[in-house]
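Scroll down for the structure; my scribbles are underneath it.
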Amino acid sequence: MSARGGPAEDLAGGMRAAARAAGPVAGTMRAGRCGASPVAGAVVLAGGRGTRMAGGAAGAGAGAGAGAAAGAGAELSAAQRAAAATGLKGLVPVAGRPFLEHVLEALAAAGVGEVCVVLGPHGGPLRDHLQRWSSAPLSIAYALQPAPRGSADALLAAETWAAGRPCLVVNADNLYPPAAVRPLLETTGHALAGFEPAALVAGGNIPPERVAAFALVRADADGRLVEIVEKPDAVARARLGEGARVSMTCWRFEPSIFDACRAVRPSPRGELELPDAVRLLVARGEVVRVLPVAEPVLDLTGPEDIAAVERWLGGGARG
């Protein structure tokens, strides 16, 4: 799907087509079957408890407060408020179903046959729902991150599942188009989907000011990652230039990523961060390729995103 021309129709139609393509037979697919180097599947980072989602939902009751939280004056349904208040974004109903179902169906449509969902200590309801999802189009395993110690620590929780195989790593609160995921399955080595900022704004639900705060990546002339800058300010954005791409946490890693995750030091936030592990890979001489993507992503960060995501998915169901 393209971010150009009729973005809402393109995104909604593409995601619905992805779900149809996954179908009941997708559970027999093996991740990376179409590529040069099979991967274990995808690690889906769902361990964080969405404080912004939960905090916003608490004030999103009936009336004007709900309109402000949901965006564009739309109220959240009771089911959406209840799910959002738990902070488990994957359970928030959009277009009639929990958001994580849409995420996993899109991964299956790209060719992913297995996922390992990394859950936090409060993730039991999400696991319970997935275990009841009888029409799941792929194989689902689970790993526990006992405490919220950062994205590198979350990935380490899935090391046993990966069993020495390459794997993809994605966020549970982002719905990635299959066209962005498929090249990661088809390549070899470490790689990142580098999203074009304009496509994220034009084709999805992410406002420009949020995109401007996302991590930017710079690649050399051969497409090798040179630099990753989180929360770039105006000076950093100017230095990186118009060719910089946005990281939406859509990676392909070789098994050496796990050693790098173990070696990182806590960030100023006190967390073990995946970008720091990637920087360590590069410092050790490993190549991380940036694969350009001109496609949108749906982002479910806070309650104000729910109405927009539902609209892009062609829903209208209020949960």
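Following the order of the structure tokens, chains are lettered A, B, ..., residues in each are numbered from 1, and ligands are numbered from 1.
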>> I'd like to know which residues of range 55-236 of chain A are helix (DSSP H, G or I) (by DSSP, run on the backbone); could you write them as JSON, numbers by chain?
In response: {"A": [55, 56, 57, 58, 64, 65, 66, 67, 68, 69, 70, 78, 79, 80, 81, 82, 83, 84, 85, 89, 90, 91, 99, 100, 101, 102, 103, 104, 105, 106, 107, 108, 109, 110, 124, 125, 126, 127, 128, 129, 130, 131, 132, 151, 152, 153, 154, 155, 156, 159, 160, 161, 162, 178, 179, 180, 181, 182, 183, 184, 185, 186, 197, 198, 199, 200, 201, 202, 203, 208, 209, 210, 211, 234, 235, 236]}
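Residues in contact with Pro121 in chain A at up to 12 Å, not including ones fewer than 4 positions away on its chain and judged by only C-alpha atoms, are Ala46, Gly47, Gly48, Arg49, Leu88, Pro125, Leu126, Arg127, Ala143, Leu144, Gln145, Pro146, Ala147, Pro148, Arg149 and Ala154 of chain A.
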>> DSSP on the backbone: which residues in range 139-234 of chain A end up as strand (DSSP E)? Give the answer as a VMD selection string.
In response: chain A and resid 139 to 144 167 to 171 174 to 175 190 to 195 216 to 219 225 to 229
Dump of C-alpha atoms for the selected residues, as a compact mmCIF listing (two decimals), in the first residue's frame:
# COMPACT_ATOMS: atom_id res chain seq x y z
CA SER A 139 1.62 -19.68 16.05
CA ILE A 140 1.80 -17.65 19.27
CA ALA A 141 4.29 -18.19 22.09
CA TYR A 142 4.83 -16.05 25.18
CA ALA A 143 7.72 -14.73 27.24
CA LEU A 144 7.66 -12.80 30.51
CA CYS A 167 14.21 -12.87 14.46
CA LEU A 168 12.16 -9.78 13.75
CA VAL A 169 11.34 -7.35 16.55
CA VAL A 170 8.27 -5.10 16.47
CA ASN A 171 6.09 -3.10 18.83
CA ASN A 174 2.14 -0.31 15.99
CA LEU A 175 0.33 -1.83 13.02
CA HIS A 190 20.74 -7.12 10.85
CA ALA A 191 18.28 -4.70 9.28
CA LEU A 192 15.82 -1.94 10.12
CA ALA A 193 12.77 -0.67 8.27
CA GLY A 194 13.53 3.03 7.86
CA PHE A 195 10.28 4.90 7.34
CA LEU A 216 15.85 9.23 13.33
CA VAL A 217 18.40 7.04 11.57
CA ARG A 218 21.13 7.95 9.11
CA ALA A 219 22.60 5.48 6.65
CA LEU A 225 23.28 2.33 9.58
CA VAL A 226 25.66 5.04 10.75
CA GLU A 227 23.71 6.81 13.46
CA ILE A 228 20.47 6.60 15.41
CA VAL A 229 19.24 9.62 17.35
> Given the choices A:Arg239, A:Arg52, A:His102, A:Arg97, which gets closest to Ala84 in chain A if the distance is worked out from only C-alpha atoms?
Replying inline: A:Arg52
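Of the listed residues (A:Ala79, A:Pro292, A:Pro177, A:Gly150), A:Gly150 comes nearest to Arg269 in chain A; the distances count only C-alpha atoms.
Neighbours of Asp233 in chain A closer than or equal to 12 Å, with only C-alpha atoms counted and sequence neighbours fewer than 3 positions away skipped, come out as Glu209, Val211, Ala212, Ala213, Phe214, Ala215, Leu216, Val229, Glu230, Ala236, Arg237, Ala238, Arg239 and Leu240 of chain A.
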Would you write out those residues with N, CA and C atoms, as a PDB file, in the first residue's frame?
ATOM      1  N   GLU A 209       3.952  16.446  14.693  1.00  0.00           N
ATOM      2  CA  GLU A 209       4.728  16.734  15.896  1.00  0.00           C
ATOM      3  C   GLU A 209       5.167  15.454  16.604  1.00  0.00           C
ATOM      4  N   VAL A 211       5.759  12.515  14.933  1.00  0.00           N
ATOM      5  CA  VAL A 211       6.793  11.964  14.061  1.00  0.00           C
ATOM      6  C   VAL A 211       8.123  12.670  14.314  1.00  0.00           C
ATOM      7  N   ALA A 212       8.075  13.986  14.535  1.00  0.00           N
ATOM      8  CA  ALA A 212       9.298  14.756  14.754  1.00  0.00           C
ATOM      9  C   ALA A 212      10.033  14.317  16.014  1.00  0.00           C
ATOM     10  N   ALA A 213       9.312  13.689  16.950  1.00  0.00           N
ATOM     11  CA  ALA A 213       9.941  13.239  18.199  1.00  0.00           C
ATOM     12  C   ALA A 213      10.457  11.812  18.129  1.00  0.00           C
ATOM     13  N   PHE A 214      10.138  11.079  17.047  1.00  0.00           N
ATOM     14  CA  PHE A 214      10.588   9.698  16.918  1.00  0.00           C
ATOM     15  C   PHE A 214      12.078   9.648  16.590  1.00  0.00           C
ATOM     16  N   ALA A 215      12.676   8.488  16.851  1.00  0.00           N
ATOM     17  CA  ALA A 215      14.097   8.301  16.553  1.00  0.00           C
ATOM     18  C   ALA A 215      14.359   8.407  15.058  1.00  0.00           C
ATOM     19  N   LEU A 216      15.418   9.114  14.712  1.00  0.00           N
ATOM     20  CA  LEU A 216      15.851   9.229  13.330  1.00  0.00           C
ATOM     21  C   LEU A 216      17.106   8.396  13.114  1.00  0.00           C
ATOM     22  N   VAL A 229      19.414   8.536  16.387  1.00  0.00           N
ATOM     23  CA  VAL A 229      19.244   9.622  17.348  1.00  0.00           C
ATOM     24  C   VAL A 229      17.820   9.579  17.873  1.00  0.00           C
ATOM     25  N   GLU A 230      17.676   9.345  19.178  1.00  0.00           N
ATOM     26  CA  GLU A 230      16.353   9.310  19.786  1.00  0.00           C
ATOM     27  C   GLU A 230      15.925  10.707  20.215  1.00  0.00           C
ATOM     28  N   ALA A 236      19.581  18.499  15.733  1.00  0.00           N
ATOM     29  CA  ALA A 236      19.885  17.142  15.270  1.00  0.00           C
ATOM     30  C   ALA A 236      19.157  16.835  13.955  1.00  0.00           C
ATOM     31  N   ARG A 237      17.900  17.265  13.849  1.00  0.00           N
ATOM     32  CA  ARG A 237      17.165  17.008  12.601  1.00  0.00           C
ATOM     33  C   ARG A 237      17.820  17.719  11.433  1.00  0.00           C
ATOM     34  N   ALA A 238      18.275  18.938  11.659  1.00  0.00           N
ATOM     35  CA  ALA A 238      18.945  19.677  10.583  1.00  0.00           C
ATOM     36  C   ALA A 238      20.254  19.001  10.200  1.00  0.00           C
ATOM     37  N   ARG A 239      20.982  18.512  11.193  1.00  0.00           N
ATOM     38  CA  ARG A 239      22.269  17.859  10.907  1.00  0.00           C
ATOM     39  C   ARG A 239      22.080  16.555  10.143  1.00  0.00           C
ATOM     40  N   LEU A 240      21.051  15.783  10.522  1.00  0.00           N
ATOM     41  CA  LEU A 240      20.818  14.500   9.861  1.00  0.00           C
ATOM     42  C   LEU A 240      20.300  14.685   8.443  1.00  0.00           C
TER      43      LEU A 240
END
>> Just the number, please: distance in Å from CA of Leu313 in chain A to CA of Asn205 in chain A, one decimal.
In response: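 Separation of CA of Leu313 in chain A and CA of Asn205 in chain A: 10.7 Å.
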> In Å to one decimal, how far is CA of Leu281 in chain A from CA of Val264 in chain A?
Replying inline: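 Separating CA of Val264 in chain A from CA of Leu281 in chain A is a distance of 10.4 Å.
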Shell around Leu104 in chain A at 8 Å using only C-alpha atoms, local window under 3 positions removed, as a PDB file with N, CA and C atoms, in the first residue's frame:
ATOM      1  N   LEU A 100      -4.338  -5.819  18.991  1.00  0.00           N
ATOM      2  CA  LEU A 100      -3.242  -6.760  18.748  1.00  0.00           C
ATOM      3  C   LEU A 100      -3.628  -7.815  17.717  1.00  0.00           C
ATOM      4  N   GLU A 101      -4.899  -8.150  17.592  1.00  0.00           N
ATOM      5  CA  GLU A 101      -5.302  -9.085  16.538  1.00  0.00           C
ATOM      6  C   GLU A 101      -4.979  -8.512  15.166  1.00  0.00           C
ATOM      7  N   LEU A 107       1.203  -9.119  10.374  1.00  0.00           N
ATOM      8  CA  LEU A 107       2.465  -9.849  10.352  1.00  0.00           C
ATOM      9  C   LEU A 107       2.316 -11.167   9.593  1.00  0.00           C
ATOM     10  N   ALA A 108       1.210 -11.870   9.824  1.00  0.00           N
ATOM     11  CA  ALA A 108       0.974 -13.132   9.116  1.00  0.00           C
ATOM     12  C   ALA A 108       0.864 -12.899   7.618  1.00  0.00           C
ATOM     13  N   PRO A 137      -3.998 -16.517  12.898  1.00  0.00           N
ATOM     14  CA  PRO A 137      -3.385 -16.977  11.654  1.00  0.00           C
ATOM     15  C   PRO A 137      -1.920 -17.363  11.770  1.00  0.00           C
ATOM     16  N   LEU A 138      -1.395 -17.444  12.976  1.00  0.00           N
ATOM     17  CA  LEU A 138       0.003 -17.834  13.178  1.00  0.00           C
ATOM     18  C   LEU A 138       0.157 -18.479  14.547  1.00  0.00           C
TER      19      LEU A 138
END
>> Please determine, counting only C-alpha atoms, which residue among A:Leu156, A:Leu119, A:Met53, A:Val293 has the shortest atom-to-atom distance to Glu273 in chain A.
In response: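 Ranked by minimum distance to Glu273 in chain A, first place goes to A:Leu156.
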> Given the choices A:Pro197, A:Pro98, A:Gly243, A:Pro166, which gets closest to Leu184 in chain A if the distance is worked out from only C-alpha atoms?
Replying inline: A:Pro166
